[in-house]
>>> print(open('model-v3.pdb').read())   # PDB, C-alpha atoms
ATOM      1  CA  MET A 440      11.593 -15.762  25.819
ATOM      2  CA  ILE A 441       8.980 -15.247  23.093
ATOM      3  CA  VAL A 442       6.628 -18.096  22.226
ATOM      4  CA  ALA A 443       5.111 -17.836  18.759
ATOM      5  CA  LEU A 444       3.659 -19.887  15.914
ATOM      6  CA  ILE A 445       5.785 -19.932  12.754
ATOM      7  CA  PHE A 446       3.599 -19.824   9.643
ATOM      8  CA  ASP A 447       6.174 -19.742   6.844
ATOM      9  CA  MET A 448       9.870 -19.421   6.000
ATOM     10  CA  VAL A 449      11.852 -18.393   2.891
ATOM     11  CA  GLU A 450      15.542 -18.006   2.092
ATOM     12  CA  ASP A 451      16.853 -15.047   0.091
ATOM     13  CA  SER A 452      19.597 -15.223  -2.564
ATOM     14  CA  ASP A 453      22.275 -14.364   0.048
ATOM     15  CA  GLY A 454      21.309 -17.287   2.309
ATOM     16  CA  ALA A 455      19.392 -15.261   4.904
ATOM     17  CA  TYR A 456      16.231 -16.845   6.309
ATOM     18  CA  TYR A 457      12.928 -15.035   6.889
ATOM     19  CA  ILE A 458      10.155 -16.365   9.109
ATOM     20  CA  GLY A 459       6.591 -15.123   9.381
ATOM     21  CA  PHE A 460       4.884 -15.688  12.688
ATOM     22  CA  HIS A 461       2.408 -14.508  15.317
ATOM     23  CA  PRO A 462       2.571 -12.863  17.769
ATOM     24  CA  GLY A 463       5.603 -10.597  17.664
ATOM     25  CA  PRO A 464       6.841  -7.724  19.816
ATOM     26  CA  ASP A 465       7.875  -5.494  16.886
ATOM     27  CA  SER A 466       7.222  -7.322  13.645
ATOM     28  CA  VAL A 467       5.680 -10.462  12.278
ATOM     29  CA  VAL A 468       8.680 -11.155   9.999
ATOM     30  CA  PHE A 469      12.168 -11.804  11.363
ATOM     31  CA  ARG A 470      15.489 -12.396   9.532
ATOM     32  CA  SER A 471      18.489 -14.599  10.357
ATOM     33  CA  THR A 472      21.886 -14.391   8.661
ATOM     34  CA  ASP A 473      23.553 -17.068  10.819
ATOM     35  CA  GLY A 474      21.504 -20.145   9.987
ATOM     36  CA  GLY A 475      18.793 -19.438  12.560
ATOM     37  CA  GLN A 476      21.007 -18.953  15.625
ATOM     38  CA  THR A 477      19.828 -15.349  16.066
ATOM     39  CA  TRP A 478      16.893 -13.413  14.590
ATOM     40  CA  GLN A 479      16.356  -9.690  13.944
ATOM     41  CA  SER A 480      13.109  -7.867  13.246
ATOM     42  CA  THR A 481      12.747  -6.672   9.665
ATOM     43  CA  GLY A 482      10.559  -3.786  10.842
ATOM     44  CA  ARG A 483       6.906  -3.268  11.591
ATOM     45  CA  LEU A 484       4.192  -4.254   9.117
ATOM     46  CA  ASN A 485       1.654  -1.505   9.787
ATOM     47  CA  GLY A 486      -1.781  -2.962  10.449
ATOM     48  CA  ALA A 487      -0.663  -6.578  10.142
ATOM     49  CA  TYR A 488      -0.941  -9.136  12.904
ATOM     50  CA  GLU A 489       0.086 -12.443  11.324
ATOM     51  CA  ALA A 490       2.363 -13.247   8.371
ATOM     52  CA  LEU A 491       0.571 -16.273   6.949
ATOM     53  CA  CYS A 492       2.821 -16.750   3.943
ATOM     54  CA  LEU A 493       6.133 -15.535   2.534
ATOM     55  CA  LEU A 494       7.150 -15.682  -1.132
ATOM     56  CA  LYS A 495      10.485 -14.818  -2.747
ATOM     57  CA  THR A 496      10.507 -13.674  -6.380
ATOM     58  CA  SER A 497      13.398 -14.068  -8.837
ATOM     59  CA  ASP A 498      14.572 -10.456  -8.272
ATOM     60  CA  GLY A 499      15.016 -11.070  -4.523
ATOM     61  CA  THR A 500      11.854  -9.280  -3.412
ATOM     62  CA  ILE A 501       9.994 -10.995  -0.586
ATOM     63  CA  PHE A 502       6.225 -10.692  -0.245
ATOM     64  CA  ALA A 503       4.377 -11.303   3.029
ATOM     65  CA  GLY A 504       0.686 -12.172   2.974
ATOM     66  CA  THR A 505      -0.887 -11.049   6.228
ATOM     67  CA  THR A 506      -4.092 -11.091   8.202
ATOM     68  CA  PRO A 507      -6.562  -9.808   9.466
ATOM     69  CA  ASN A 508      -6.919  -7.410   6.518
ATOM     70  CA  GLY A 509      -5.407  -9.543   3.780
ATOM     71  CA  ASP A 510      -2.668  -6.983   3.106
ATOM     72  CA  VAL A 511       0.324  -8.001   0.991
ATOM     73  CA  PHE A 512       3.589  -6.344   1.968
ATOM     74  CA  LYS A 513       6.756  -6.176  -0.138
ATOM     75  CA  TYR A 514      10.275  -6.315   1.349
ATOM     76  CA  MET A 515      13.438  -5.439  -0.544
ATOM     77  CA  PRO A 516      16.374  -7.197   1.182
ATOM     78  CA  VAL A 517      19.707  -5.403   1.665
ATOM     79  CA  GLY A 518      21.406  -4.883  -1.700
ATOM     80  CA  VAL A 519      18.146  -4.719  -3.652
ATOM     81  CA  GLU A 520      16.733  -1.308  -4.678
ATOM     82  CA  GLU A 521      15.092  -0.157  -1.397
ATOM     83  CA  LYS A 522      17.103  -1.613   1.460
ATOM     84  CA  GLY A 523      15.216  -3.362   4.206
ATOM     85  CA  LYS A 524      11.875  -1.601   3.936
ATOM     86  CA  TRP A 525       8.406  -3.152   4.102
ATOM     87  CA  GLU A 526       5.625  -1.537   2.108
ATOM     88  CA  ILE A 527       2.206  -2.574   0.920
ATOM     89  CA  GLY A 528       2.784  -4.378  -2.355
ATOM     90  CA  LYS A 529       0.024  -3.155  -4.624
ATOM     91  CA  GLU A 530      -3.069  -1.015  -4.638
ATOM     92  CA  LYS A 531      -6.345  -2.762  -5.238
ATOM     93  CA  LEU A 532     -10.058  -2.089  -5.385
ATOM     94  CA  LEU A 533     -12.151  -5.001  -4.173
ATOM     95  CA  GLN A 534     -15.629  -6.007  -5.297
ATOM     96  CA  ASN A 535     -18.338  -4.492  -3.133
ATOM     97  CA  TYR A 536     -20.213  -6.721  -0.708
ATOM     98  CA  PRO A 537     -22.998  -7.602  -0.819
ATOM     99  CA  ASN A 538     -23.534  -7.414  -4.550
ATOM    100  CA  PRO A 539     -26.304  -7.080  -5.596
ATOM    101  CA  PHE A 540     -27.463  -5.051  -2.596
ATOM    102  CA  VAL A 541     -30.779  -3.585  -1.405
ATOM    103  CA  SER A 542     -30.060  -0.916   1.200
ATOM    104  CA  GLU A 543     -26.294  -0.687   1.785
ATOM    105  CA  THR A 544     -23.035  -2.094   0.431
ATOM    106  CA  GLU A 545     -19.405  -1.958   1.535
ATOM    107  CA  ILE A 546     -16.518  -1.070  -0.773
ATOM    108  CA  ALA A 547     -12.991  -2.054   0.286
ATOM    109  CA  TYR A 548      -9.691  -0.879  -1.159
ATOM    110  CA  GLN A 549      -5.994  -0.976  -0.379
ATOM    111  CA  LEU A 550      -3.539   1.900  -0.887
ATOM    112  CA  PRO A 551       0.204   1.290  -1.395
ATOM    113  CA  THR A 552       1.119   4.765  -0.101
ATOM    114  CA  ALA A 553      -0.594   7.648   1.656
ATOM    115  CA  GLY A 554      -2.136  10.229  -0.633
ATOM    116  CA  ASN A 555      -5.098  12.231  -1.751
ATOM    117  CA  ILE A 556      -7.814   9.842  -2.928
ATOM    118  CA  SER A 557     -11.412   9.820  -4.062
ATOM    119  CA  VAL A 558     -14.078   7.144  -4.302
ATOM    120  CA  LYS A 559     -17.037   8.152  -6.467
ATOM    121  CA  VAL A 560     -20.195   6.457  -7.729
ATOM    122  CA  TYR A 561     -21.535   6.858 -11.290
ATOM    123  CA  ASN A 562     -24.680   5.547 -12.988
ATOM    124  CA  ILE A 563     -24.679   3.295 -16.069
ATOM    125  CA  ALA A 564     -24.669   6.371 -18.346
ATOM    126  CA  GLY A 565     -21.516   7.668 -16.639
ATOM    127  CA  LYS A 566     -23.329  10.465 -14.785
ATOM    128  CA  PHE A 567     -21.868  11.352 -11.382
ATOM    129  CA  VAL A 568     -24.033  10.161  -8.452
ATOM    130  CA  LYS A 569     -22.106  10.511  -5.171
ATOM    131  CA  VAL A 570     -18.694  11.137  -3.604
ATOM    132  CA  LEU A 571     -17.991   8.547  -0.909
ATOM    133  CA  VAL A 572     -14.422   9.602  -0.050
ATOM    134  CA  ASP A 573     -12.456  12.702  -1.010
ATOM    135  CA  GLY A 574      -9.276  13.566   0.847
ATOM    136  CA  GLN A 575      -6.012  12.400   2.354
ATOM    137  CA  GLN A 576      -5.719   8.777   3.541
ATOM    138  CA  LYS A 577      -2.917   6.657   4.970
ATOM    139  CA  ALA A 578      -1.516   3.594   3.254
ATOM    140  CA  GLY A 579      -3.363   0.413   4.108
ATOM    141  CA  TYR A 580      -6.739  -1.261   3.931
ATOM    142  CA  HIS A 581      -9.869   0.933   3.978
ATOM    143  CA  THR A 582     -13.634   0.458   3.655
ATOM    144  CA  VAL A 583     -16.487   2.811   2.842
ATOM    145  CA  ARG A 584     -20.247   2.211   2.722
ATOM    146  CA  TRP A 585     -22.749   3.399   0.140
ATOM    147  CA  ASN A 586     -26.436   3.542   1.100
ATOM    148  CA  GLY A 587     -27.813   3.854  -2.440
ATOM    149  CA  LYS A 588     -28.403   7.617  -2.187
ATOM    150  CA  ASP A 589     -27.162  10.495  -4.331
ATOM    151  CA  MET A 590     -25.440  13.704  -3.193
ATOM    152  CA  SER A 591     -28.832  15.234  -2.256
ATOM    153  CA  GLY A 592     -29.724  12.277  -0.035
ATOM    154  CA  ARG A 593     -32.358  10.904  -2.440
ATOM    155  CA  LYS A 594     -32.585   7.164  -3.075
ATOM    156  CA  VAL A 595     -31.389   6.274  -6.560
ATOM    157  CA  SER A 596     -33.278   3.746  -8.654
ATOM    158  CA  SER A 597     -32.441   0.086  -9.143
ATOM    159  CA  GLY A 598     -29.747  -0.569 -11.691
ATOM    160  CA  ILE A 599     -26.091  -0.987 -12.478
ATOM    161  CA  TYR A 600     -23.678   1.568 -11.015
ATOM    162  CA  PHE A 601     -19.929   1.983 -11.085
ATOM    163  CA  TYR A 602     -17.618   2.972  -8.258
ATOM    164  CA  GLN A 603     -14.214   4.415  -8.990
ATOM    165  CA  LEU A 604     -11.108   4.711  -6.817
ATOM    166  CA  GLU A 605      -8.673   7.410  -7.905
ATOM    167  CA  ALA A 606      -5.379   7.937  -6.072
ATOM    168  CA  ASN A 607      -1.997   9.289  -7.112
ATOM    169  CA  SER A 608      -1.291   7.729 -10.507
ATOM    170  CA  PHE A 609      -3.908   4.996 -10.600
ATOM    171  CA  LYS A 610      -7.614   4.745 -11.286
ATOM    172  CA  TYR A 611      -9.758   1.622 -10.840
ATOM    173  CA  THR A 612     -13.457   1.109 -11.594
ATOM    174  CA  LYS A 613     -15.804  -1.748 -10.708
ATOM    175  CA  GLY A 614     -19.514  -2.306 -11.201
ATOM    176  CA  LEU A 615     -22.248  -2.981  -8.673
ATOM    177  CA  ILE A 616     -25.964  -3.723  -8.762
ATOM    178  CA  LEU A 617     -28.593  -1.959  -6.655
ATOM    179  CA  LEU A 618     -31.983  -3.669  -6.231
ATOM    180  CA  ARG A 619     -34.952  -1.755  -4.780
TER     181      ARG A 619
END
>>> encode(input="model-v3.pdb", output="structure tokens")
Amino acid sequence: MIVALIFDMVEDSDGAYYIGFHPGPDSVVFRSTDGGQTWQSTGRLNGAYEALCLLKTSDGTIFAGTTPNGDVFKYMPVGVEEKGKWEIGKEKLLQNYPNPFVSETEIAYQLPTAGNISVKVYNIAGKFVKVLVDGQQKAGYHTVRWNGKDMSGRKVSSGIYFYQLEANSFKYTKGLILLR
């Protein structure tokens, strides 16, 4: 017998129920097609530990908001495009923290699929400053730190800088402020 806390429940267009809970032996989202008499795992949510909320959209897609990383996973129920597969819903580049910063800042981003990615820093004039990440990474939530130094290891001056995430077919840029 498994004892767990149920955080949320949704019903799909075919009358199946989905529950998000913690903890789970294989998944944090289970599905029932018999009114809740029996439940089956919908598959593992890589890196997720709790499904805090579930949301069904008009096309039948179900999204699961999870913790500890704040990932959002997308599930296509049977009969909809990709059958019964969970995947991270959308790539995103988060605002660095702290911002402004004095000695070091952390940049977080989420990748929908594995791939070759780069995270680079540029100055206000668009001149390249530093590569923070360049290579293959798995899907999921990632963080990288920037210590306010250029490629040669020299401290850069106070000012506004931009960091850019480039992966597969998307490119995102955000600004940050360095104070010396």
>>> residues_around(input="model-v3.pdb", residues="region 446-449 of chain A", least_positions_apart="3", cutoff="6 Å", atoms="only C-alpha atoms", output="PyMOL selection string")
chain A and resi 456-460+491-492
>>> residues_around(input="model-v3.pdb", residues="Gln534 (chain A)", least_positions_apart="4", cutoff="9 Å", atoms="all atoms listed in the file", output="PyMOL selection string")
chain A and resi 538+545-548+613-615
>>> write_last_selection(input="model-v3.pdb", atoms="C-alpha atoms", output="tab-separated table (two decimals), in the frame of the given file")
chain	number	residue	atom	x	y	z
A	538	ASN	CA	-23.53	-7.41	-4.55
A	545	GLU	CA	-19.40	-1.96	1.54
A	546	ILE	CA	-16.52	-1.07	-0.77
A	547	ALA	CA	-12.99	-2.05	0.29
A	548	TYR	CA	-9.69	-0.88	-1.16
A	613	LYS	CA	-15.80	-1.75	-10.71
A	614	GLY	CA	-19.51	-2.31	-11.20
A	615	LEU	CA	-22.25	-2.98	-8.67
>>> closest_residue(input="model-v3.pdb", among="A:Asp453, A:Lys513, A:Ile445, A:Met590", to="Phe469 (chain A)", atoms="all atoms listed in the file")
A:Ile445
>>> resolve_selection(input="model-v3.pdb", expression="the PyMOL selection byres ((chain A and resi 555) around 10)", output="PyMOL selection string")
chain A and resi 552-554+556-557+572-577+605-607
>>> closest_residue(input="model-v3.pdb", among="A:Gly499, A:Gly475, A:Gly504, A:Pro539", to="Gly598 (chain A)", atoms="all atoms listed in the file")
A:Pro539
>>> residues_around(input="model-v3.pdb", residues="Ala455 (chain A)", least_positions_apart="3", cutoff="10 Å", atoms="all atoms listed in the file", output="list in words")
Val449, Glu450, Asp451, Ser452, Arg470, Ser471, Thr472, Asp473, Gly474, Gly475 and Pro516 of chain A
>>> resolve_selection(input="model-v3.pdb", expression="the PyMOL selection byres ((chain A and resi 503) around 7)", output="number ranges by chain")
A: 490, 492-494, 501-502, 504-505, 511-513
>>> write_last_selection(input="model-v3.pdb", atoms="C-alpha atoms", output="PDB file, in the frame of the given file")
ATOM      1  CA  ALA A 490       2.363 -13.247   8.371  1.00  0.00           C
ATOM      2  CA  CYS A 492       2.821 -16.750   3.943  1.00  0.00           C
ATOM      3  CA  LEU A 493       6.133 -15.535   2.534  1.00  0.00           C
ATOM      4  CA  LEU A 494       7.150 -15.682  -1.132  1.00  0.00           C
ATOM      5  CA  ILE A 501       9.994 -10.995  -0.586  1.00  0.00           C
ATOM      6  CA  PHE A 502       6.225 -10.692  -0.245  1.00  0.00           C
ATOM      7  CA  GLY A 504       0.686 -12.172   2.974  1.00  0.00           C
ATOM      8  CA  THR A 505      -0.887 -11.049   6.228  1.00  0.00           C
ATOM      9  CA  VAL A 511       0.324  -8.001   0.991  1.00  0.00           C
ATOM     10  CA  PHE A 512       3.589  -6.344   1.968  1.00  0.00           C
ATOM     11  CA  LYS A 513       6.756  -6.176  -0.138  1.00  0.00           C
TER      12      LYS A 513
END
>>> resolve_selection(input="model-v3.pdb", expression="the PyMOL selection byres ((chain A and resi 599) around 10)", output="list of chain:residue names")
A:Pro539, A:Tyr561, A:Asn562, A:Ile563, A:Ala564, A:Ser596, A:Ser597, A:Gly598, A:Tyr600, A:Phe601, A:Gly614, A:Leu615, A:Ile616, A:Leu617, A:Leu618
>>> residues_around(input="model-v3.pdb", residues="region 586-588 of chain A", least_positions_apart="4", cutoff="9 Å", atoms="all atoms listed in the file", output="ChimeraX atom specification")
/A:540-545,568-569,592-597,617
>>> write_last_selection(input="model-v3.pdb", atoms="C-alpha atoms", output="tab-separated table (two decimals), in the frame of the given file")
chain	number	residue	atom	x	y	z
A	540	PHE	CA	-27.46	-5.05	-2.60
A	541	VAL	CA	-30.78	-3.58	-1.40
A	542	SER	CA	-30.06	-0.92	1.20
A	543	GLU	CA	-26.29	-0.69	1.78
A	544	THR	CA	-23.04	-2.09	0.43
A	545	GLU	CA	-19.40	-1.96	1.54
A	568	VAL	CA	-24.03	10.16	-8.45
A	569	LYS	CA	-22.11	10.51	-5.17
A	592	GLY	CA	-29.72	12.28	-0.04
A	593	ARG	CA	-32.36	10.90	-2.44
A	594	LYS	CA	-32.58	7.16	-3.08
A	595	VAL	CA	-31.39	6.27	-6.56
A	596	SER	CA	-33.28	3.75	-8.65
A	597	SER	CA	-32.44	0.09	-9.14
A	617	LEU	CA	-28.59	-1.96	-6.66
